[in-house]
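Here the structure is laid out as structure tokens; the discussion comes afterwards.
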Amino acid sequence: MELIDKNYFNGRVDNEQVLLFTLKNKKGMTCQITNFGARIVSLFVSDKNGVFEDIVLGYDSLKEYVSTDELYFGAAIGRYGNRIANGKFSIEGKEYQLAKNNGNHNLHGGNKGFHNVVWKANQIKNNRLELTYFSKDGEEGFPGNLQVKLMYSVLENNTLEIKYEALTDKVTLVNLTHHSYFNLRGIRHNTTIEKHLLTINASTYTPIDEEGIPTGELLSVSDTPFDFTKQKPIGKDIDSLDTQISFGNGYDHNFVLDKNNLKIAARVEEPISGRTLEVFTDEPGIQFYSFNHIKGMHKGKNNIEFFPKSAFCLETQHFPNSPNQPNFPSVVLQPEQKYTSYCGYKFDVTR
Ligand code: BGC
């Protein structure tokens, strides 16, 4: 297990101290996290032969995260994960305008969002890191001072657990998520994710327009490339001529989860390594992104290349553009409420 060198993360951004933290369980599962963007930098998970490999994309220095990333590698995403159409929304009759950082739209909270800011970090135990961030009233265009708490834990059952909490002093929007790019084969093998077998516990999804904004409908997945209700290789329909696939340039869609009570949302199995991932959440949706928007080859940590379809994201969330879709579950947070959200990535191997 070749961990990322902490020295390359020891630095200052916006006059705040940045460091790299290492979380570990007793079985050897290890996760490195920087408080710059609360980003997961590496995640070492055992394969069926007991070999630990890094299964998430990233860079090996703070400098690269600061200077090159629009990919949100491993980041905490907020105040609003995913898109808000035209960067506009209204709350209590007042209109707000956010940055248009994705064509005409707002994506992942804006230019700095929560992914390019320094969080305060407190490593509570060997396997637990608490991160907090105070987002000021008006920051990135959102109303209300928002106090955010994020707890990462590497549990003994090989779950990477992510728990979010937030409190506001004015009515606002909150939709937090996590943006790791996984390749369960191990990133050093330079393979695509097309042979990974995916199941998503969703009989409907939210179709999008050509700019990635949901149309507002919930469509059945049956007889479409979006049917992952039974295990299917990710690559099977990824190049289909389906309009929705062409709008996403592959998969870049929100699935409406059938069960919303911490049941399993999705499962991925990689046949060669035998690694499996189960995603648990209390959120109503999950974005499945097959890493379609980059072109060509790029170099990440340890000079390992990444390229289209070399990893996938499964982002637990409320639906994209919810503030402008009254029929979608609400993302409004009132001052007297506490926002909470749970995401568990549980790893295992096939036997
Ligand atoms: C979005 C993609 C976007 C990507 C950026 C994903 O969460 O759904 O549309 O290109 O983030 O890395």
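By convention in this document, the chains of the structure tokens carry letters A, B, ... by their order, each chain's residues are numbered from 1, and ligands are numbered from 1 in the order they are shown.
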
Shell of 10 Å around ligand 1 (only C-alpha atoms and all ligand atoms), written as number ranges by chain: A: 69-73, 77, 81-83, 102, 107-108, 177-181, 211-213, 248-249, 251-254, 287-294, 312-315, 320

Go through region 94-169 of chain A and flag each residue having an atom no more than 10 Å from region 53-66 of chain A; for those, report the closest pair of atoms plus their distance in Å to one decimal, using only C-alpha atoms, ordered by chain and rising number, as CSV.
residue,atom,partner,partner_atom,distance
A:His115,CA,A:Tyr65,CA,9.9
A:Asn116,CA,A:Val66,CA,7.4
A:Val117,CA,A:Val66,CA,9.7

Let's have the selection written as a PDB file, in the first residue's frame, with N, CA, C and O atoms.
ATOM      1  N   HIS A 115     -15.982  22.652  -2.478  1.00  0.00           N
ATOM      2  CA  HIS A 115     -14.905  21.770  -2.946  1.00  0.00           C
ATOM      3  C   HIS A 115     -13.563  22.480  -3.046  1.00  0.00           C
ATOM      4  O   HIS A 115     -12.532  21.834  -3.144  1.00  0.00           O
ATOM      5  N   ASN A 116     -13.586  23.811  -3.096  1.00  0.00           N
ATOM      6  CA  ASN A 116     -12.325  24.552  -3.200  1.00  0.00           C
ATOM      7  C   ASN A 116     -12.132  25.502  -2.025  1.00  0.00           C
ATOM      8  O   ASN A 116     -11.503  26.550  -2.165  1.00  0.00           O
ATOM      9  N   VAL A 117     -12.678  25.150  -0.878  1.00  0.00           N
ATOM     10  CA  VAL A 117     -12.475  25.953   0.336  1.00  0.00           C
ATOM     11  C   VAL A 117     -11.799  25.074   1.390  1.00  0.00           C
ATOM     12  O   VAL A 117     -11.835  23.843   1.300  1.00  0.00           O
TER      13      VAL A 117
END

Compare A:Asn175, A:Ile193, A:Val349, A:Pro207 by their minimum atom-to-atom distance to Pro329 (chain A), counting only C-alpha atoms, and give me the closest one. A:Asn175

Could you please determine the separation between CA of Gly50 (chain A) and CA of Leu155 (chain A) in Å, to one decimal place?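 So the two atoms, CA of Gly50 (chain A) and CA of Leu155 (chain A), lie 17.6 Å apart.
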
Report as a ChimeraX atom specification all protein, DNA and RNA residues lying within 9 Å of Ala166 (chain A), evaluated on only C-alpha atoms, omitting residues in the same chain fewer than 2 positions from it. /A:146-150,164,168,174,333,337-340

Extract the full set of alpha helix (DSSP H) residues from region 65-207 of chain A according to DSSP on the backbone, and format it as a list of chain:residue names.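 Listing alpha helix (DSSP H) positions across region 65-207 of chain A yields A:Tyr65, A:Val66, A:Ser67, A:Thr68.
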
Could you write out that same residue set with N, CA and C atoms as a PDB file, in the first residue's frame?
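In the end it all went to part01.pdb:
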ATOM      1  N   TYR A  65      -4.473  20.004  -6.938  1.00  0.00           N
ATOM      2  CA  TYR A  65      -5.900  20.207  -6.643  1.00  0.00           C
ATOM      3  C   TYR A  65      -6.280  21.684  -6.781  1.00  0.00           C
ATOM      4  N   VAL A  66      -5.383  22.556  -6.322  1.00  0.00           N
ATOM      5  CA  VAL A  66      -5.682  23.991  -6.367  1.00  0.00           C
ATOM      6  C   VAL A  66      -5.658  24.501  -7.799  1.00  0.00           C
ATOM      7  N   SER A  67      -4.734  23.993  -8.617  1.00  0.00           N
ATOM      8  CA  SER A  67      -4.543  24.615  -9.931  1.00  0.00           C
ATOM      9  C   SER A  67      -5.276  23.923 -11.067  1.00  0.00           C
ATOM     10  N   THR A  68      -5.631  22.642 -10.941  1.00  0.00           N
ATOM     11  CA  THR A  68      -6.130  21.975 -12.147  1.00  0.00           C
ATOM     12  C   THR A  68      -7.562  21.460 -12.076  1.00  0.00           C
TER      13      THR A  68
END

One decimal, in Å: what's the spacing between CA of Ser330 (chain A) and CA of Val171 (chain A)?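 According to the coordinates, CA of Ser330 (chain A) and CA of Val171 (chain A) are separated by 12.4 Å.
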
From the set A:Asn111, A:Ser222, A:Asn106, A:Thr22, which residue has the shortest atom-to-atom contact distance to Ile124 (chain A), counting only C-alpha atoms? A:Thr22

Which of these residues is nearest to Phe228 (chain A), using only C-alpha atoms: A:Lys259, A:Lys195, A:Arg267, A:Arg39? A:Arg267

Apply DSSP to the backbone of this structure and, from region 243-317 of chain A, keep only the residues in strand (DSSP E); write these as a PyMOL selection string. chain A and resi 252-256+264-269+275-281+285-289+298-299+305-306+313-317

For C-alpha atoms, I'd like the residues from the last selection saved as a PDB file, in the first residue's frame.
ATOM      1  CA  ASP A 252     -25.002  11.472 -16.256  1.00  0.00           C
ATOM      2  CA  HIS A 253     -28.455  11.074 -14.769  1.00  0.00           C
ATOM      3  CA  ASN A 254     -30.309  11.126 -11.488  1.00  0.00           C
ATOM      4  CA  PHE A 255     -32.034   7.881 -10.525  1.00  0.00           C
ATOM      5  CA  VAL A 256     -35.083   7.986  -8.275  1.00  0.00           C
ATOM      6  CA  ILE A 264     -29.182  -0.206  -0.468  1.00  0.00           C
ATOM      7  CA  ALA A 265     -29.311   2.326  -3.315  1.00  0.00           C
ATOM      8  CA  ALA A 266     -26.781   0.763  -5.676  1.00  0.00           C
ATOM      9  CA  ARG A 267     -24.300  -2.089  -5.924  1.00  0.00           C
ATOM     10  CA  VAL A 268     -21.220  -2.432  -8.129  1.00  0.00           C
ATOM     11  CA  GLU A 269     -19.149  -5.560  -8.701  1.00  0.00           C
ATOM     12  CA  ARG A 275     -14.291  -6.022  -5.201  1.00  0.00           C
ATOM     13  CA  THR A 276     -17.865  -4.972  -4.564  1.00  0.00           C
ATOM     14  CA  LEU A 277     -19.342  -1.658  -3.471  1.00  0.00           C
ATOM     15  CA  GLU A 278     -22.760  -1.106  -1.962  1.00  0.00           C
ATOM     16  CA  VAL A 279     -24.102   2.416  -1.555  1.00  0.00           C
ATOM     17  CA  PHE A 280     -26.508   3.181   1.285  1.00  0.00           C
ATOM     18  CA  THR A 281     -28.341   6.464   1.682  1.00  0.00           C
ATOM     19  CA  GLY A 285     -31.853  10.112  -5.534  1.00  0.00           C
ATOM     20  CA  ILE A 286     -28.456   9.097  -6.829  1.00  0.00           C
ATOM     21  CA  GLN A 287     -26.516  10.568  -9.762  1.00  0.00           C
ATOM     22  CA  PHE A 288     -24.736   7.946 -11.821  1.00  0.00           C
ATOM     23  CA  TYR A 289     -21.958   9.620 -13.796  1.00  0.00           C
ATOM     24  CA  HIS A 298      -4.677  12.955 -18.290  1.00  0.00           C
ATOM     25  CA  LYS A 299      -2.198  12.193 -15.562  1.00  0.00           C
ATOM     26  CA  GLU A 305      -3.722   8.010 -16.410  1.00  0.00           C
ATOM     27  CA  PHE A 306      -7.386   8.861 -16.357  1.00  0.00           C
ATOM     28  CA  CYS A 313     -19.425   8.470  -9.537  1.00  0.00           C
ATOM     29  CA  LEU A 314     -22.471   7.517  -7.498  1.00  0.00           C
ATOM     30  CA  GLU A 315     -23.576  10.736  -5.825  1.00  0.00           C
ATOM     31  CA  THR A 316     -26.367  10.439  -3.256  1.00  0.00           C
ATOM     32  CA  GLN A 317     -28.564  13.519  -3.473  1.00  0.00           C
TER      33      GLN A 317
END

Find the distance between CA of Ser246 (chain A) and CA of Leu197 (chain A) and write it in Å to one decimal.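 So the answer is 21.3 Å.
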
Determine, counting only C-alpha atoms, which protein, DNA and RNA residues have an atom within 6 Å of an atom of region 84-96 of chain A; residues of the same chain fewer than 5 positions away are not included. Present the result as number ranges by chain. A: 104-106, 321

Any chance you could export the current selection's N, CA, C and O atoms as a PDB file, in the first residue's frame?
ATOM      1  N   ASN A 104     -25.012  27.614 -19.144  1.00  0.00           N
ATOM      2  CA  ASN A 104     -25.939  28.608 -18.586  1.00  0.00           C
ATOM      3  C   ASN A 104     -26.299  28.344 -17.140  1.00  0.00           C
ATOM      4  O   ASN A 104     -27.109  29.063 -16.575  1.00  0.00           O
ATOM      5  N   HIS A 105     -25.746  27.286 -16.589  1.00  0.00           N
ATOM      6  CA  HIS A 105     -26.294  26.777 -15.332  1.00  0.00           C
ATOM      7  C   HIS A 105     -25.279  26.807 -14.193  1.00  0.00           C
ATOM      8  O   HIS A 105     -24.075  26.944 -14.412  1.00  0.00           O
ATOM      9  N   ASN A 106     -25.824  26.636 -12.998  1.00  0.00           N
ATOM     10  CA  ASN A 106     -24.957  26.509 -11.829  1.00  0.00           C
ATOM     11  C   ASN A 106     -24.732  25.022 -11.566  1.00  0.00           C
ATOM     12  O   ASN A 106     -25.673  24.239 -11.585  1.00  0.00           O
ATOM     13  N   ASN A 321     -31.837  20.470  -9.949  1.00  0.00           N
ATOM     14  CA  ASN A 321     -32.778  21.570 -10.232  1.00  0.00           C
ATOM     15  C   ASN A 321     -34.063  21.500  -9.408  1.00  0.00           C
ATOM     16  O   ASN A 321     -35.089  22.054  -9.815  1.00  0.00           O
TER      17      ASN A 321
END

Find the residues around Thr229 (chain A) up to 12 Å (only C-alpha atoms counted), leave out those fewer than 2 positions away in its own chain, and share them as a PDB file with C-alpha atoms, in the first residue's frame.
ATOM      1  CA  LEU A 197     -21.557  -4.813 -13.039  1.00  0.00           C
ATOM      2  CA  LEU A 198     -24.019  -2.249 -11.737  1.00  0.00           C
ATOM      3  CA  THR A 199     -27.365  -2.523  -9.980  1.00  0.00           C
ATOM      4  CA  ILE A 200     -29.386   0.577  -9.066  1.00  0.00           C
ATOM      5  CA  ASN A 201     -32.459   0.243  -6.904  1.00  0.00           C
ATOM      6  CA  ALA A 202     -34.486   2.610  -9.101  1.00  0.00           C
ATOM      7  CA  SER A 203     -37.440   1.890 -11.362  1.00  0.00           C
ATOM      8  CA  THR A 204     -37.598   5.518 -12.545  1.00  0.00           C
ATOM      9  CA  TYR A 205     -35.107   8.279 -13.329  1.00  0.00           C
ATOM     10  CA  SER A 220     -39.690   4.338 -16.135  1.00  0.00           C
ATOM     11  CA  VAL A 221     -36.289   2.724 -16.735  1.00  0.00           C
ATOM     12  CA  SER A 222     -37.781  -0.410 -18.236  1.00  0.00           C
ATOM     13  CA  ASP A 223     -36.726  -1.160 -21.813  1.00  0.00           C
ATOM     14  CA  THR A 224     -34.207   1.699 -21.707  1.00  0.00           C
ATOM     15  CA  PRO A 225     -30.411   1.848 -21.177  1.00  0.00           C
ATOM     16  CA  PHE A 226     -31.260   3.112 -17.663  1.00  0.00           C
ATOM     17  CA  ASP A 227     -32.571  -0.205 -16.447  1.00  0.00           C
ATOM     18  CA  GLN A 231     -27.221  -6.384 -12.550  1.00  0.00           C
ATOM     19  CA  LYS A 232     -25.810  -5.206 -15.905  1.00  0.00           C
ATOM     20  CA  PRO A 233     -22.334  -4.288 -17.205  1.00  0.00           C
ATOM     21  CA  PHE A 255     -32.034   7.881 -10.525  1.00  0.00           C
ATOM     22  CA  VAL A 256     -35.083   7.986  -8.275  1.00  0.00           C
ATOM     23  CA  LEU A 257     -34.462   5.481  -5.508  1.00  0.00           C
ATOM     24  CA  ASP A 258     -37.265   3.039  -4.849  1.00  0.00           C
ATOM     25  CA  ALA A 265     -29.311   2.326  -3.315  1.00  0.00           C
ATOM     26  CA  ALA A 266     -26.781   0.763  -5.676  1.00  0.00           C
ATOM     27  CA  ARG A 267     -24.300  -2.089  -5.924  1.00  0.00           C
TER      28      ARG A 267
END

Which residue out of A:Gly138, A:Pro143, A:Gly344, A:Gly11 has the minimum interatomic distance to Lys263 (chain A) when only C-alpha atoms are used?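 Among A:Gly138, A:Pro143, A:Gly344, A:Gly11, it is A:Gly344 that comes nearest to Lys263 (chain A).
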
Residue with smallest distance to Met29 (chain A) - pool A:Asp47, A:Asp169, A:Asp209, A:Glu16, counting only C-alpha atoms: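 Of all the options, A:Asp47 lies closest to Met29 (chain A).
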
With only C-alpha atoms as the atoms that count, which of A:Arg128, A:Lys170, A:Lys301, A:Arg185 lies nearest to Asp5 (chain A)?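 Smallest distance to Asp5 (chain A) is found for A:Lys301.
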